[in-house]
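Colleague: This structure is in structure tokens; I'll ask about it shortly.
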Amino acid sequence: MKTRRAAVAASLALTSLLAAACGGGADSGSGDGGPVTLTFQSLSDQPAAIAATNKIVGAWNQAHPDTQVKVVQAGWDSAYDKLITQFNAGTAPDIVHYEAAGIGPFATDGYLADLSPYLSEQKRADIPKGVLDSVTVDSKVVAYPTELQSYVVFANKKLLEQSGAQIPAGETMTWDQLRQMAKTATKDGKYGLGWGLSSPTATFVAMAPAFGGKYFEGTGDNAQITVGQGEMALPQLVHDMNATDHSILPVTLTQSGGKALAPFYAGQVAMTVQGSYQAANIEKDAPKDLDWIALPPIAGPAGPAQAANPQTLSVNKDSKHVEQAAKFLDFFTSTENLAALNEADTLIPASNSAREALDKKLGAKKGWSTILASGKYLTSAPYLFAGKYAQWKDTVATPAYQRFLANQIDANTLAQQLKDGWKSVGK
């Protein structure tokens, strides 16, 4: 099925030329008895993460003179289109850095090697089941998971205390507690919560498991959508906090998460829901007198679960050195290396041992203990395997959610549009 995306690749000729310059996974190796060279296309774009990646690769190269890894620095922009072009042109790197939400189609089309034979039982046991499920396609492990994010509530401790809101002290908190804190803190021209939901679908789908929501059953083009109580619970809650409680700063619902940090810094909102990685930006950019904290993971009726979409490392099935590449992935995802990489990227390690190691090192540092604890609750993400999800998200779900949050449609209409849109996508 490797011709499935040929039409798309043909329209990306310029990208193909660029890819040819940095690809060549199938041709790696000297052919004259010299060391094997593996190309590793890395998407890391933060300076600290780039440095951490290069350090790991350098350590491997020093210890393995017969198998050298060459980092090809790329970026997240247009990464999917670039990979389509590279795989169709036969110029894909030996080692592919991407994310679980994007690798499924490549695995289904036969571009990614089955890494199951190379995954030790020890490493398999070290990866939470939901995270391992996110990189398993047709019973084959097609990637090693590396880094994760969760959604976290960051709070202005002083504003909450001054408002009389009770700050949760347990291992988790409930959505009811969050809603009550937001209501209590909404006074004197300030709002309890700022939530950047200009692109709400990813957030609602990722946080649905806490309410028992799954959205999708099945895989590929055969996946079916479900929009019931578990899927509607969080959109309805956000709607009610905005329209009934008036505890959400309205403009933030039209902003990105990063833009929604500005009113948090300015003391206009007491809390903000953000990707966990924003802790690094808050630490760097927030006013020095802002006493911010990360609140406990939020639990719904089904617990504090969130869907896992890890960054991933896969091996090109056409690489001449699949076994050597798999050995490098095992090295790259060691406890020490994953802890160092995730510290640099302010993300959550995809293995239990690395998360525990990072917590031991940084648990006393502001926000880290709570963020790392949220990693314990990451679970399976059915949307990863729904073939039309990306198109449905962009063309159907996001505009429908935006209309709902703006009070332009009601909940029943939203649910119907989500279901009808899924049936019509791709036709």
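Just remember, in the structure tokens the first chain shown is A, the second B, etc., residues are 1-based per chain, and ligands are 1-based in the order shown.
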List as a list of chain:residue names the protein and nucleic acid residues near Ala210 (chain A), meaning an atom at most 8 Å away when only C-alpha atoms are counted, but skip any in the same chain fewer than 6 places from it.
Modeller: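 Selected residues are A:Ala299, A:Gly300, A:Pro301, A:Ala302, A:Gly303, A:Pro304, A:Ala305, A:Gln306.
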Colleague: Just all heavy atoms for this one: save the residues we selected as a tab-separated table (two decimals), in the first residue's frame.
Modeller:
```
chain	number	residue	atom	x	y	z
A	299	ALA	N	-9.31	15.28	38.25
A	299	ALA	CA	-9.98	13.99	38.10
A	299	ALA	C	-11.45	14.20	37.78
A	299	ALA	O	-12.12	15.02	38.40
A	299	ALA	CB	-9.83	13.17	39.37
A	300	GLY	N	-11.93	13.44	36.81
A	300	GLY	CA	-13.35	13.40	36.51
A	300	GLY	C	-13.97	12.15	37.10
A	300	GLY	O	-13.33	11.46	37.91
A	301	PRO	N	-15.17	11.79	36.71
A	301	PRO	CA	-15.83	10.58	37.24
A	301	PRO	C	-15.03	9.31	36.99
A	301	PRO	O	-15.12	8.35	37.76
A	301	PRO	CB	-17.16	10.55	36.48
A	301	PRO	CG	-17.41	11.96	36.07
A	301	PRO	CD	-16.06	12.55	35.82
A	302	ALA	N	-14.22	9.29	35.92
A	302	ALA	CA	-13.41	8.12	35.60
A	302	ALA	C	-11.96	8.28	36.05
A	302	ALA	O	-11.09	7.52	35.63
A	302	ALA	CB	-13.47	7.84	34.10
A	303	GLY	N	-11.70	9.28	36.91
A	303	GLY	CA	-10.35	9.48	37.40
A	303	GLY	C	-9.65	10.62	36.69
A	303	GLY	O	-10.25	11.36	35.92
A	304	PRO	N	-8.34	10.77	36.90
A	304	PRO	CA	-7.58	11.89	36.32
A	304	PRO	C	-6.95	11.55	34.96
A	304	PRO	O	-5.95	12.13	34.57
A	304	PRO	CB	-6.51	12.15	37.37
A	304	PRO	CG	-6.27	10.80	37.98
A	304	PRO	CD	-7.57	10.04	37.91
A	305	ALA	N	-7.52	10.58	34.25
A	305	ALA	CA	-6.91	10.11	33.00
A	305	ALA	C	-6.91	11.17	31.91
A	305	ALA	O	-7.84	11.95	31.78
A	305	ALA	CB	-7.66	8.87	32.52
A	306	GLN	N	-5.83	11.19	31.14
A	306	GLN	CA	-5.72	11.98	29.92
A	306	GLN	C	-5.13	11.10	28.82
A	306	GLN	O	-4.36	10.19	29.10
A	306	GLN	CB	-4.84	13.22	30.12
A	306	GLN	CG	-5.40	14.26	31.06
A	306	GLN	CD	-4.55	15.53	31.09
A	306	GLN	OE1	-3.91	15.89	30.10
A	306	GLN	NE2	-4.53	16.20	32.23
```
Colleague: List the neighbours of Ala165 (chain A) out to 9 Å using only C-alpha atoms; skip same-chain residues closer than 5 positions along the sequence, and give me the result as a list in words.
Modeller: Leu159, Leu160, Gln180, Met181, Ala182, Lys183, Thr184 and Ala185 of chain A
Colleague: For region 410-412 of chain A, find every residue with an atom within 12 Å (counting only C-alpha atoms), except residues of its own chain fewer than 6 positions away, and show them as a PDB file with N, CA and C atoms, in the first residue's frame.
Modeller:
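Writing the result to selection-v9.pdb gives the following:
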```pdb
ATOM      1  N   VAL A 227     -20.362  10.281  20.265  1.00  0.00           N
ATOM      2  CA  VAL A 227     -20.447  11.563  20.964  1.00  0.00           C
ATOM      3  C   VAL A 227     -21.592  11.462  21.956  1.00  0.00           C
ATOM      4  N   GLY A 228     -21.245  10.988  23.150  1.00  0.00           N
ATOM      5  CA  GLY A 228     -22.238  10.810  24.201  1.00  0.00           C
ATOM      6  C   GLY A 228     -21.896  11.644  25.424  1.00  0.00           C
ATOM      7  N   GLN A 229     -22.375  11.211  26.574  1.00  0.00           N
ATOM      8  CA  GLN A 229     -22.189  11.966  27.804  1.00  0.00           C
ATOM      9  C   GLN A 229     -20.711  12.166  28.131  1.00  0.00           C
ATOM     10  N   GLU A 231     -18.148  12.261  26.142  1.00  0.00           N
ATOM     11  CA  GLU A 231     -17.488  13.159  25.199  1.00  0.00           C
ATOM     12  C   GLU A 231     -17.971  14.605  25.357  1.00  0.00           C
ATOM     13  N   MET A 232     -19.235  14.781  25.742  1.00  0.00           N
ATOM     14  CA  MET A 232     -19.814  16.122  25.844  1.00  0.00           C
ATOM     15  C   MET A 232     -19.575  16.785  27.195  1.00  0.00           C
ATOM     16  N   ALA A 233     -19.134  16.014  28.196  1.00  0.00           N
ATOM     17  CA  ALA A 233     -19.061  16.535  29.562  1.00  0.00           C
ATOM     18  C   ALA A 233     -18.135  17.753  29.677  1.00  0.00           C
ATOM     19  N   LEU A 234     -16.935  17.670  29.132  1.00  0.00           N
ATOM     20  CA  LEU A 234     -15.991  18.777  29.287  1.00  0.00           C
ATOM     21  C   LEU A 234     -16.391  20.003  28.463  1.00  0.00           C
ATOM     22  N   PRO A 235     -16.748  19.858  27.175  1.00  0.00           N
ATOM     23  CA  PRO A 235     -17.227  21.050  26.458  1.00  0.00           C
ATOM     24  C   PRO A 235     -18.399  21.723  27.170  1.00  0.00           C
ATOM     25  N   GLN A 236     -19.316  20.926  27.722  1.00  0.00           N
ATOM     26  CA  GLN A 236     -20.461  21.499  28.426  1.00  0.00           C
ATOM     27  C   GLN A 236     -20.012  22.226  29.687  1.00  0.00           C
ATOM     28  N   LEU A 237     -19.053  21.663  30.397  1.00  0.00           N
ATOM     29  CA  LEU A 237     -18.553  22.290  31.612  1.00  0.00           C
ATOM     30  C   LEU A 237     -17.894  23.638  31.296  1.00  0.00           C
ATOM     31  N   VAL A 238     -17.051  23.671  30.263  1.00  0.00           N
ATOM     32  CA  VAL A 238     -16.406  24.930  29.884  1.00  0.00           C
ATOM     33  C   VAL A 238     -17.462  25.945  29.463  1.00  0.00           C
ATOM     34  N   HIS A 239     -18.435  25.501  28.705  1.00  0.00           N
ATOM     35  CA  HIS A 239     -19.530  26.383  28.281  1.00  0.00           C
ATOM     36  C   HIS A 239     -20.242  26.978  29.487  1.00  0.00           C
ATOM     37  N   ASP A 240     -20.540  26.136  30.475  1.00  0.00           N
ATOM     38  CA  ASP A 240     -21.275  26.608  31.649  1.00  0.00           C
ATOM     39  C   ASP A 240     -20.433  27.550  32.503  1.00  0.00           C
ATOM     40  N   ALA A 243     -20.634  30.809  30.280  1.00  0.00           N
ATOM     41  CA  ALA A 243     -21.935  31.445  30.039  1.00  0.00           C
ATOM     42  C   ALA A 243     -22.790  31.582  31.295  1.00  0.00           C
ATOM     43  N   ALA A 400     -17.021  23.732  15.066  1.00  0.00           N
ATOM     44  CA  ALA A 400     -18.249  23.423  15.817  1.00  0.00           C
ATOM     45  C   ALA A 400     -18.077  23.747  17.297  1.00  0.00           C
ATOM     46  N   TYR A 401     -16.957  23.373  17.873  1.00  0.00           N
ATOM     47  CA  TYR A 401     -16.693  23.707  19.276  1.00  0.00           C
ATOM     48  C   TYR A 401     -16.639  25.222  19.475  1.00  0.00           C
ATOM     49  N   GLN A 402     -16.023  25.911  18.539  1.00  0.00           N
ATOM     50  CA  GLN A 402     -15.940  27.368  18.654  1.00  0.00           C
ATOM     51  C   GLN A 402     -17.328  27.997  18.657  1.00  0.00           C
ATOM     52  N   ARG A 403     -18.218  27.501  17.799  1.00  0.00           N
ATOM     53  CA  ARG A 403     -19.587  28.027  17.763  1.00  0.00           C
ATOM     54  C   ARG A 403     -20.317  27.732  19.067  1.00  0.00           C
ATOM     55  N   PHE A 404     -20.079  26.548  19.622  1.00  0.00           N
ATOM     56  CA  PHE A 404     -20.725  26.165  20.877  1.00  0.00           C
ATOM     57  C   PHE A 404     -20.263  27.050  22.021  1.00  0.00           C
ATOM     58  N   LEU A 418     -20.800  17.106  15.156  1.00  0.00           N
ATOM     59  CA  LEU A 418     -19.598  16.284  15.294  1.00  0.00           C
ATOM     60  C   LEU A 418     -19.797  14.918  14.641  1.00  0.00           C
ATOM     61  N   LYS A 419     -20.964  14.321  14.851  1.00  0.00           N
ATOM     62  CA  LYS A 419     -21.241  12.992  14.286  1.00  0.00           C
ATOM     63  C   LYS A 419     -21.452  13.056  12.774  1.00  0.00           C
TER      64      LYS A 419
END
```
Colleague: So the first atom is CA of Phe332 (chain A) and the second is CA of Ser139 (chain A); what is the distance between them in Å, to one decimal place?
Modeller: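 That distance, rounded to one decimal, is 23.1 Å.
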Colleague: I want to know what sits within 9 Å of Lys190 (chain A), based on only C-alpha atoms, with residues of the same chain fewer than 6 positions away left out; could you give that as a list in words?
Modeller: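 Once the adjacent positions are removed, what remains is Ser247, Leu249, Gly267, Gln268, Val269 and Ala270 of chain A.
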Colleague: Can you measure CA of Thr146 (chain A) to CA of Asp94 (chain A) for me? One decimal in Å is fine.
Modeller: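 Going from CA of Thr146 (chain A) over to CA of Asp94 (chain A) covers 17.2 Å.
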Colleague: Within 9 Å of Leu295 (chain A), counting only C-alpha atoms, which residues show up once you throw out same-chain ones fewer than 3 positions away? Write them as a PDB file with N, CA and C atoms, in the first residue's frame, please.
Modeller:
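As a result, result_35.pdb now contains:
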```
ATOM      1  N   VAL A 152      -2.327  20.935  32.513  1.00  0.00           N
ATOM      2  CA  VAL A 152      -2.125  21.262  33.919  1.00  0.00           C
ATOM      3  C   VAL A 152      -2.777  22.606  34.221  1.00  0.00           C
ATOM      4  N   VAL A 153      -3.258  22.762  35.445  1.00  0.00           N
ATOM      5  CA  VAL A 153      -3.788  24.052  35.893  1.00  0.00           C
ATOM      6  C   VAL A 153      -2.691  24.782  36.660  1.00  0.00           C
ATOM      7  N   PHE A 154      -2.262  25.919  36.127  1.00  0.00           N
ATOM      8  CA  PHE A 154      -1.320  26.791  36.822  1.00  0.00           C
ATOM      9  C   PHE A 154      -2.112  27.889  37.518  1.00  0.00           C
ATOM     10  N   ALA A 155      -1.695  28.240  38.738  1.00  0.00           N
ATOM     11  CA  ALA A 155      -2.478  29.186  39.541  1.00  0.00           C
ATOM     12  C   ALA A 155      -1.611  30.271  40.137  1.00  0.00           C
ATOM     13  N   ILE A 167      -7.520  26.067  48.105  1.00  0.00           N
ATOM     14  CA  ILE A 167      -6.580  25.427  47.189  1.00  0.00           C
ATOM     15  C   ILE A 167      -6.461  23.939  47.542  1.00  0.00           C
ATOM     16  N   PRO A 168      -6.716  23.035  46.602  1.00  0.00           N
ATOM     17  CA  PRO A 168      -6.648  21.597  46.884  1.00  0.00           C
ATOM     18  C   PRO A 168      -5.246  21.171  47.308  1.00  0.00           C
ATOM     19  N   ALA A 169      -5.197  20.264  48.246  1.00  0.00           N
ATOM     20  CA  ALA A 169      -3.906  19.812  48.764  1.00  0.00           C
ATOM     21  C   ALA A 169      -3.678  18.320  48.533  1.00  0.00           C
ATOM     22  N   THR A 172      -4.889  14.605  43.756  1.00  0.00           N
ATOM     23  CA  THR A 172      -5.676  15.055  42.616  1.00  0.00           C
ATOM     24  C   THR A 172      -6.740  16.023  43.121  1.00  0.00           C
ATOM     25  N   MET A 173      -7.380  16.722  42.178  1.00  0.00           N
ATOM     26  CA  MET A 173      -8.532  17.547  42.519  1.00  0.00           C
ATOM     27  C   MET A 173      -9.636  17.237  41.517  1.00  0.00           C
ATOM     28  N   ILE A 298      -6.386  17.022  37.492  1.00  0.00           N
ATOM     29  CA  ILE A 298      -7.837  17.095  37.644  1.00  0.00           C
ATOM     30  C   ILE A 298      -8.456  15.733  37.353  1.00  0.00           C
ATOM     31  N   GLY A 367       6.538  23.380  40.453  1.00  0.00           N
ATOM     32  CA  GLY A 367       5.719  22.820  39.394  1.00  0.00           C
ATOM     33  C   GLY A 367       6.072  21.415  38.955  1.00  0.00           C
ATOM     34  N   THR A 370       4.163  18.117  40.476  1.00  0.00           N
ATOM     35  CA  THR A 370       2.785  17.974  40.012  1.00  0.00           C
ATOM     36  C   THR A 370       2.740  17.568  38.547  1.00  0.00           C
ATOM     37  N   ILE A 371       3.565  18.198  37.727  1.00  0.00           N
ATOM     38  CA  ILE A 371       3.580  17.875  36.298  1.00  0.00           C
ATOM     39  C   ILE A 371       3.972  16.421  36.082  1.00  0.00           C
TER      40      ILE A 371
END
```
Colleague: Contacts of Asp359 (chain A) at 8 Å or less, counting only C-alpha atoms, minus same-chain residues fewer than 2 places along, as a list in words?
Modeller: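 Listed by chain and then number, they are Arg355, Glu356, Ala357, Lys361, Leu362, Gly363, Trp368, Ser369 and Leu372 of chain A.
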Colleague: Hey, what's within 8 Å of region 342-345 of chain A if we count only C-alpha atoms and toss same-chain stuff fewer than 5 positions away? As a count of residues only, please?
Modeller: 7
Colleague: Pick out the closest residue to Ala101 (chain A) from this set: A:Lys284, A:Arg124, A:His321, A:Lys388. Count only C-alpha atoms.
Modeller: A:Lys388
Colleague: For the structure I just gave you, how does DSSP split region 52-170 of chain A - specifically, which residues are alpha helix (DSSP H)? Reply as a ChimeraX atom specification.
Modeller: /A:52-63,79-89,100-108,121-126,129-133,157-163
Colleague: Using only C-alpha atoms, I'd like a table of the residues in region 363-389 of chain A that come within 12 Å of region 309-313 of chain A; for each, show the closest atom pair and its distance in Å rounded to one decimal, ordered by chain and ascending number, as a Markdown table.
Modeller:
```
| residue | atom | partner | partner_atom | distance |
| --- | --- | --- | --- | --- |
| A:Gly375 | CA | A:Pro310 | CA | 10.9 |
| A:Leu378 | CA | A:Asn309 | CA | 8.8 |
| A:Thr379 | CA | A:Asn309 | CA | 9.1 |
| A:Ser380 | CA | A:Asn309 | CA | 8.6 |
| A:Ala381 | CA | A:Asn309 | CA | 7.2 |
| A:Pro382 | CA | A:Asn309 | CA | 10.3 |
| A:Tyr383 | CA | A:Asn309 | CA | 9.7 |
| A:Leu384 | CA | A:Asn309 | CA | 7.7 |
| A:Phe385 | CA | A:Asn309 | CA | 11.2 |
```
Colleague: Let's have the selection written as a PDB file, in the first residue's frame, with C-alpha atoms.
Modeller:
```pdb
ATOM      1  CA  GLY A 375       2.224  11.457  33.751  1.00  0.00           C
ATOM      2  CA  LEU A 378      -1.841   9.122  30.790  1.00  0.00           C
ATOM      3  CA  THR A 379      -3.818   6.431  29.030  1.00  0.00           C
ATOM      4  CA  SER A 380      -4.808   5.064  25.634  1.00  0.00           C
ATOM      5  CA  ALA A 381      -5.877   7.544  22.964  1.00  0.00           C
ATOM      6  CA  PRO A 382      -8.375   6.015  20.495  1.00  0.00           C
ATOM      7  CA  TYR A 383      -8.256   9.103  18.266  1.00  0.00           C
ATOM      8  CA  LEU A 384      -4.663   8.276  17.320  1.00  0.00           C
ATOM      9  CA  PHE A 385      -5.891   5.400  15.190  1.00  0.00           C
TER      10      PHE A 385
END
```
Colleague: What is the CA of Ala340 (chain A)-CA of Phe40 (chain A) distance in Å, reported with one decimal?
Modeller: 18.5 Å
Colleague: Running DSSP on the backbone, which parts of region 242-393 of chain A land in strand (DSSP E), as a list in words?
Modeller: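 Those in region 242-393 of chain A that DSSP calls strand (DSSP E) are Val269, Ala270, Met271, Thr272, Val273, Gln274, Gly275, Trp292, Ile293, Ala294, Ile298, Ala299, Gln306, Ala307, Gln311, Thr312, Leu313, Ser314, Val315, Ile348, Pro349, Leu378 and Thr379 of chain A.
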Colleague: Could those selected residues go to a file with C-alpha atoms, as a tab-separated table (two decimals), in the first residue's frame?
Modeller:
```tsv
chain	number	residue	atom	x	y	z
A	269	VAL	CA	-6.99	35.61	35.95
A	270	ALA	CA	-6.22	33.46	38.96
A	271	MET	CA	-5.73	30.22	37.04
A	272	THR	CA	-4.95	29.03	33.52
A	273	VAL	CA	-5.11	25.58	31.89
A	274	GLN	CA	-2.00	24.94	29.82
A	275	GLY	CA	0.13	22.22	28.34
A	292	TRP	CA	2.61	30.65	40.77
A	293	ILE	CA	1.92	27.01	41.52
A	294	ALA	CA	0.81	23.93	39.58
A	298	ILE	CA	-7.84	17.09	37.64
A	299	ALA	CA	-9.98	13.99	38.10
A	306	GLN	CA	-5.72	11.98	29.92
A	307	ALA	CA	-5.01	10.57	26.47
A	311	GLN	CA	6.75	12.05	20.77
A	312	THR	CA	8.18	8.98	19.09
A	313	LEU	CA	11.22	7.44	17.45
A	314	SER	CA	10.57	4.95	14.65
A	315	VAL	CA	12.78	3.05	12.23
A	348	ILE	CA	7.21	14.14	30.94
A	349	PRO	CA	9.34	11.03	30.29
A	378	LEU	CA	-1.84	9.12	30.79
A	379	THR	CA	-3.82	6.43	29.03
```
Colleague: Which of these, A:Gln416, A:Pro145, A:Val69, A:Ala51, has the shortest distance to Lys129 (chain A) once you count only C-alpha atoms?
Modeller: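 Distance minimum relative to Lys129 (chain A) lands on A:Pro145.
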Colleague: Measuring between only C-alpha atoms, which one of A:Met207, A:Ala107, A:Ala74, A:Ile95 shows the shortest distance to Asp45 (chain A)?
Modeller: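 Closest residue, counting only C-alpha atoms: A:Ala74.
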